[in-house]
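These notes concern the structure reproduced below.
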Amino acid sequence: MPVPRAVVCLPTYNERENLERMVEALGAVLDTGRDRLLVIDDSSPDGTGEIADRLAAEQPWVSVLHRAEKQGIGPAYLAGFRRALADGAELVLEMDCDFSHDPADVQRLIAACEEGADLALGSRWVDGGGTVNWGLLRRLISRGGSLYARLVLGVPVRDLTGGFKCFRRRVLETIDLDAIAARGYGFQIEGTYRALRAGFRVVEIPITFVDRRVGESKMSGAIVVEAMRQVPVLRWKALRGTL
Ligand SMILES: Nc1nc2c(ncn2[C@@H]2O[C@H](COP(=O)(O)OP(=O)(O)OP(=O)(O)O)[C@@H](O)[C@H]2O)c(=O)[nH]1
Ligand SMILES: [Mg+2]
């Protein structure tokens, strides 16, 4: 296989109803001659890992990273990023497998990076973005969480917690991946904050986020609390020059 242009990192935990449809949808939007999909499965008890293996055997542009246990999206993404960098990818994307992120938007994120962004964020909270089927509480948590992080960190980004992103490889090579401690939403905030602090060009691309229709959410109060606690720690480290 030639060196890939883009690798889409797709973490999965119990996504058996979604994975095959997602692979089909991505196959239709990626340039499968030079883009790849990396599924990162944490030994899902529902058999998602076996489905991923079958799809990888069928499709040369799909591969799977199996991890022994569920550790949250942060560690799963870090393992995926390292693999994508080792394979030589110029662009590294992250997205969810539950169709909250529209596969059709992948090209818009890739295009933003090809037009000069170092990090393109799929954003719900800029003009043209939004959510579908989310109750008031989820909207408040998401908007409030991004507002809180934006004010504490002093950055202009509107959607800091989203997980639909495209990084240029130099961003992931520059920020200290080993130092990222957060596992849940905090991981998304920290990755973007580190990129901003390092002086990279971050752009927000409006997306419509659709609540998952099948499978179960892994969101929890603990993930929200983890993120809230980590934000001031991040700012403190940045002020002390130890980020
Ligand atoms: N490998 C791995 N994937 C995970 C883990 N937790 C969540 N995921 C995957 O990460 C993506 C996002 O997780 P979701 O459960 O949709 O969580 P969320 O998007 O924050 O919450 P909802 O909006 O309620 O769905 C999905 O593709 C999940 O299958 C994990 O611990 N390990
Ligand atoms: Mg989701």
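Ordering of the structure tokens sets the chain letters (A, B, ...); residue numbers start at 1 within each chain; ligands are numbered from 1 in the order shown.
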
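Shell of Asp41 in chain A at 8 Å, with only C-alpha atoms counted and residues fewer than 4 places along the chain excluded, is Pro11, Thr12, Tyr13, Thr48, Gly49, Val64, Leu65, His66, Arg67 and Ala76 of chain A.
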
Q. Can you tell me, as an MDAnalysis selection string, what residues are no more than 9 Å from range 104-112 of chain A when counting only C-alpha atoms, ignoring any on the same chain fewer than 6 positions away?
A. chainID A and resid 6 8 25:26 28:30 91 93 95 118:122 164:167 203 205 207

What does the file look like for those residues with C-alpha atoms, as a PDB file, in the first residue's frame?
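Here's the written file again12.pdb:
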ATOM      1  CA  ALA A   6      -5.604  10.610   5.169  1.00  0.00           C
ATOM      2  CA  VAL A   8      -9.673   8.162   9.595  1.00  0.00           C
ATOM      3  CA  ALA A  25     -20.563   5.165   3.961  1.00  0.00           C
ATOM      4  CA  LEU A  26     -16.887   6.056   4.342  1.00  0.00           C
ATOM      5  CA  ALA A  28     -18.303   6.125  -0.701  1.00  0.00           C
ATOM      6  CA  VAL A  29     -16.724   9.418   0.407  1.00  0.00           C
ATOM      7  CA  LEU A  30     -13.028   8.572   0.837  1.00  0.00           C
ATOM      8  CA  LEU A  91      -3.850  13.974   7.540  1.00  0.00           C
ATOM      9  CA  LEU A  93      -8.992  12.340  11.268  1.00  0.00           C
ATOM     10  CA  MET A  95     -14.817  10.658  14.181  1.00  0.00           C
ATOM     11  CA  ASP A 118      -3.456  22.708  10.569  1.00  0.00           C
ATOM     12  CA  LEU A 119      -6.469  21.477  12.506  1.00  0.00           C
ATOM     13  CA  ALA A 120     -10.050  21.519  11.197  1.00  0.00           C
ATOM     14  CA  LEU A 121     -12.791  21.059  13.789  1.00  0.00           C
ATOM     15  CA  GLY A 122     -16.319  19.944  12.973  1.00  0.00           C
ATOM     16  CA  PHE A 164     -14.918  15.226  14.544  1.00  0.00           C
ATOM     17  CA  LYS A 165     -11.536  16.618  13.543  1.00  0.00           C
ATOM     18  CA  CYS A 166      -8.790  16.554  10.962  1.00  0.00           C
ATOM     19  CA  PHE A 167      -5.176  17.095  12.057  1.00  0.00           C
ATOM     20  CA  VAL A 203     -10.485  26.469  11.913  1.00  0.00           C
ATOM     21  CA  ILE A 205     -16.195  23.964   9.995  1.00  0.00           C
ATOM     22  CA  ILE A 207     -21.503  20.561  11.064  1.00  0.00           C
TER      23      ILE A 207
END

Q | Selection as a ChimeraX atom specification: residues within 7 Å of ligand 2 by only C-alpha atoms and all ligand atoms | A | /A:96,98,100,211-212,217

Would you save the residues from that selection as a JSON list (two decimals), in the first residue's frame, using N, CA, C and O atoms?
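New file part_18.json:
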[["chain", "number", "residue", "atom", "x", "y", "z"],
["A", 96, "ASP", "N", -16.75, 9.70, 15.31],
["A", 96, "ASP", "CA", -17.50, 8.67, 16.02],
["A", 96, "ASP", "C", -18.13, 7.70, 15.04],
["A", 96, "ASP", "O", -18.40, 8.06, 13.88],
["A", 98, "ASP", "N", -21.13, 6.35, 15.46],
["A", 98, "ASP", "CA", -22.58, 6.25, 15.70],
["A", 98, "ASP", "C", -23.42, 7.11, 14.77],
["A", 98, "ASP", "O", -24.61, 7.34, 15.03],
["A", 100, "SER", "N", -23.37, 10.21, 14.45],
["A", 100, "SER", "CA", -23.54, 11.59, 14.91],
["A", 100, "SER", "C", -22.75, 12.52, 14.00],
["A", 100, "SER", "O", -23.13, 13.66, 13.76],
["A", 211, "ASP", "N", -28.04, 13.01, 16.89],
["A", 211, "ASP", "CA", -27.96, 12.08, 18.01],
["A", 211, "ASP", "C", -28.01, 10.64, 17.50],
["A", 211, "ASP", "O", -28.69, 10.34, 16.52],
["A", 212, "ARG", "N", -27.27, 9.76, 18.16],
["A", 212, "ARG", "CA", -27.20, 8.38, 17.69],
["A", 212, "ARG", "C", -28.59, 7.73, 17.69],
["A", 212, "ARG", "O", -29.41, 7.99, 18.56],
["A", 217, "SER", "N", -25.09, 5.22, 24.21],
["A", 217, "SER", "CA", -24.10, 6.27, 24.47],
["A", 217, "SER", "C", -23.16, 5.84, 25.59],
["A", 217, "SER", "O", -23.58, 5.18, 26.53]]

Q) Smallest atom-to-atom distance to Asn14 in chain A: which of A:Arg169, A:Arg34, A:Lys70, A:Arg150, using only C-alpha atoms? A) A:Lys70

Q: Write down as an MDAnalysis selection string the residues of range 1-210 of chain A whose backbone DSSP state falls under strand (DSSP E or B).
A: chainID A and resid 6:12 35:41 62:66 91:94 119:123 130:132 165:168 202:206 208:210

Kindly export the residues of the current selection with N, CA and C atoms, as a short mmCIF file (atom, residue, chain, number, x, y, z; two decimals), in the first residue's frame.
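result_38.cif was written with the following content:
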data_model
loop_
_atom_site.label_atom_id
_atom_site.label_comp_id
_atom_site.auth_asym_id
_atom_site.auth_seq_id
_atom_site.Cartn_x
_atom_site.Cartn_y
_atom_site.Cartn_z
N ALA A 6 -4.83 10.42 3.94
CA ALA A 6 -5.60 10.61 5.17
C ALA A 6 -5.92 9.26 5.81
N VAL A 7 -5.82 9.22 7.14
CA VAL A 7 -6.28 8.05 7.88
C VAL A 7 -7.39 8.50 8.82
N VAL A 8 -8.56 7.86 8.69
CA VAL A 8 -9.67 8.16 9.59
C VAL A 8 -9.60 7.19 10.78
N CYS A 9 -9.44 7.73 11.99
CA CYS A 9 -9.40 6.90 13.19
C CYS A 9 -10.82 6.80 13.76
N LEU A 10 -11.31 5.59 13.89
CA LEU A 10 -12.70 5.37 14.29
C LEU A 10 -12.72 4.46 15.52
N PRO A 11 -12.86 5.05 16.72
CA PRO A 11 -12.89 4.21 17.91
C PRO A 11 -14.26 3.55 18.04
N THR A 12 -14.28 2.29 18.44
CA THR A 12 -15.57 1.61 18.59
C THR A 12 -15.63 0.89 19.92
N ASP A 35 -6.70 6.96 0.80
CA ASP A 35 -7.14 7.21 2.18
C ASP A 35 -7.42 5.88 2.85
N ARG A 36 -7.32 5.87 4.19
CA ARG A 36 -7.56 4.61 4.90
C ARG A 36 -8.43 4.83 6.13
N LEU A 37 -9.00 3.72 6.56
CA LEU A 37 -9.80 3.73 7.79
C LEU A 37 -9.12 2.82 8.80
N LEU A 38 -8.96 3.34 10.02
CA LEU A 38 -8.41 2.52 11.10
C LEU A 38 -9.45 2.43 12.21
N VAL A 39 -9.99 1.24 12.41
CA VAL A 39 -10.95 1.00 13.50
C VAL A 39 -10.16 0.66 14.75
N ILE A 40 -10.49 1.32 15.86
CA ILE A 40 -9.78 1.03 17.12
C ILE A 40 -10.81 0.47 18.10
N ASP A 41 -10.79 -0.83 18.27
CA ASP A 41 -11.81 -1.48 19.09
C ASP A 41 -11.23 -1.97 20.41
N VAL A 62 -9.18 -0.78 4.80
CA VAL A 62 -9.63 -0.81 6.20
C VAL A 62 -8.66 -1.65 7.03
N SER A 63 -8.28 -1.16 8.22
CA SER A 63 -7.52 -2.01 9.14
C SER A 63 -8.05 -1.82 10.56
N VAL A 64 -7.63 -2.70 11.44
CA VAL A 64 -8.18 -2.71 12.81
C VAL A 64 -7.06 -2.76 13.82
N LEU A 65 -7.23 -1.98 14.87
CA LEU A 65 -6.32 -2.03 16.02
C LEU A 65 -7.15 -2.57 17.17
N HIS A 66 -6.77 -3.74 17.68
CA HIS A 66 -7.50 -4.30 18.82
C HIS A 66 -6.78 -3.95 20.10
N LEU A 91 -2.68 13.48 6.80
CA LEU A 91 -3.85 13.97 7.54
C LEU A 91 -4.38 12.85 8.42
N VAL A 92 -4.72 13.19 9.66
CA VAL A 92 -5.26 12.18 10.58
C VAL A 92 -6.60 12.70 11.10
N LEU A 93 -7.65 11.92 10.84
CA LEU A 93 -8.99 12.34 11.27
C LEU A 93 -9.48 11.51 12.44
N GLU A 94 -10.38 12.10 13.20
CA GLU A 94 -11.10 11.33 14.21
C GLU A 94 -12.59 11.57 14.04
N LEU A 119 -5.48 22.30 11.80
CA LEU A 119 -6.47 21.48 12.51
C LEU A 119 -7.85 22.00 12.13
N ALA A 120 -8.67 21.14 11.55
CA ALA A 120 -10.05 21.52 11.20
C ALA A 120 -10.98 20.81 12.17
N LEU A 121 -11.86 21.60 12.80
CA LEU A 121 -12.79 21.06 13.79
C LEU A 121 -14.20 21.06 13.22
N GLY A 122 -14.89 19.94 13.27
CA GLY A 122 -16.32 19.94 12.97
C GLY A 122 -17.00 20.65 14.13
N SER A 123 -17.74 21.72 13.85
CA SER A 123 -18.23 22.56 14.94
C SER A 123 -19.74 22.73 14.92
N GLY A 130 -25.05 22.87 14.14
CA GLY A 130 -26.14 22.65 15.08
C GLY A 130 -26.27 21.19 15.45
N THR A 131 -27.38 20.88 16.14
CA THR A 131 -27.63 19.50 16.56
C THR A 131 -29.05 19.11 16.17
N VAL A 132 -29.25 17.81 15.95
CA VAL A 132 -30.57 17.27 15.65
C VAL A 132 -30.89 16.19 16.68
N LYS A 165 -12.66 15.72 13.78
CA LYS A 165 -11.54 16.62 13.54
C LYS A 165 -10.61 16.06 12.48
N CYS A 166 -9.85 16.97 11.89
CA CYS A 166 -8.79 16.55 10.96
C CYS A 166 -7.50 17.30 11.33
N PHE A 167 -6.49 16.54 11.69
CA PHE A 167 -5.18 17.09 12.06
C PHE A 167 -4.19 16.92 10.91
N ARG A 168 -3.41 17.96 10.65
CA ARG A 168 -2.21 17.76 9.84
C ARG A 168 -1.18 17.02 10.68
N VAL A 202 -6.09 26.80 13.62
CA VAL A 202 -7.25 25.96 13.90
C VAL A 202 -8.49 26.63 13.29
N VAL A 203 -9.27 25.89 12.49
CA VAL A 203 -10.48 26.47 11.91
C VAL A 203 -11.68 25.61 12.32
N GLU A 204 -12.84 26.26 12.40
CA GLU A 204 -14.07 25.54 12.71
C GLU A 204 -14.94 25.45 11.46
N ILE A 205 -15.36 24.24 11.16
CA ILE A 205 -16.20 23.96 10.00
C ILE A 205 -17.58 23.58 10.52
N PRO A 206 -18.63 24.31 10.12
CA PRO A 206 -19.95 24.00 10.67
C PRO A 206 -20.43 22.59 10.31
N THR A 208 -23.68 19.58 11.31
CA THR A 208 -24.89 19.23 12.04
C THR A 208 -24.66 17.88 12.69
N PHE A 209 -24.77 17.87 14.00
CA PHE A 209 -24.51 16.67 14.80
C PHE A 209 -25.85 16.00 15.07
N VAL A 210 -25.97 14.73 14.68
CA VAL A 210 -27.24 14.01 14.82
C VAL A 210 -27.11 13.00 15.96
#

(Q) List the spatial neighbours of Glu58 in chain A as JSON, numbers by chain - criterion: any atom at most 12 Å away, only C-alpha atoms, same-chain residues fewer than 4 positions off excluded. (A) {"A": [20, 23, 24, 51, 52, 53, 54, 62, 63]}

The selected residues should be written to file as a PDB file, in the first residue's frame (atoms: C-alpha atoms).
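Heads up, here's the output in part.pdb:
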ATOM      1  CA  GLU A  20     -20.628  -2.039   8.714  1.00  0.00           C
ATOM      2  CA  VAL A  23     -17.521   1.486   6.607  1.00  0.00           C
ATOM      3  CA  GLU A  24     -19.810   1.467   3.557  1.00  0.00           C
ATOM      4  CA  ILE A  51     -17.052  -7.500  12.395  1.00  0.00           C
ATOM      5  CA  ALA A  52     -14.144  -5.086  11.975  1.00  0.00           C
ATOM      6  CA  ASP A  53     -11.779  -7.980  11.187  1.00  0.00           C
ATOM      7  CA  ARG A  54     -14.133  -9.297   8.511  1.00  0.00           C
ATOM      8  CA  VAL A  62      -9.629  -0.813   6.201  1.00  0.00           C
ATOM      9  CA  SER A  63      -7.517  -2.008   9.139  1.00  0.00           C
TER      10      SER A  63
END

Q) Could you pull out all residues of range 115-173 of chain A with a DSSP call of alpha helix (DSSP H) and give them as a ChimeraX atom specification? A) /A:136-153,169-173

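What separates CA of Glu190 in chain A from CA of Pro232 in chain A is a distance of 11.1 Å.
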
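Considering the residues A:Met228, A:Ala195, A:Leu19, A:Leu85 and counting only C-alpha atoms, Thr161 in chain A has its shortest atom-to-atom contact with A:Met228.
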
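The closest residue to Met1 in chain A, picked from A:Gly47, A:Gly144, A:Pro60, A:Gly199 and counting only C-alpha atoms, is A:Pro60.
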
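Among the candidates A:Pro103, A:Gly129, A:Gly221, A:Gly215, the one nearest to Asn18 in chain A when counting only C-alpha atoms is A:Gly215.
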
Q. Contacts of range 152-156 of chain A at 12 Å or less, counting only C-alpha atoms, minus same-chain residues fewer than 4 places along, as a ChimeraX atom specification?
A. /A:125-126,145-148,160,189-190,192-197,199,201-204,228-239

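What separates atom 9 (C, counted along the ligand's line) of ligand 1 from CA of Tyr185 in chain A is a distance of 11.5 Å.
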
**Q.** Option closest in space to ligand 1, from A:Cys113, A:Ala56, A:Ala198, A:Ile73 [counting only C-alpha atoms and all ligand atoms]
**A.** A:Ile73

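When only C-alpha atoms and all ligand atoms are used to compute distances to ligand 1, the closest of the residues A:Leu55, A:Met22, A:Val225, A:Ile175 turns out to be A:Met22.
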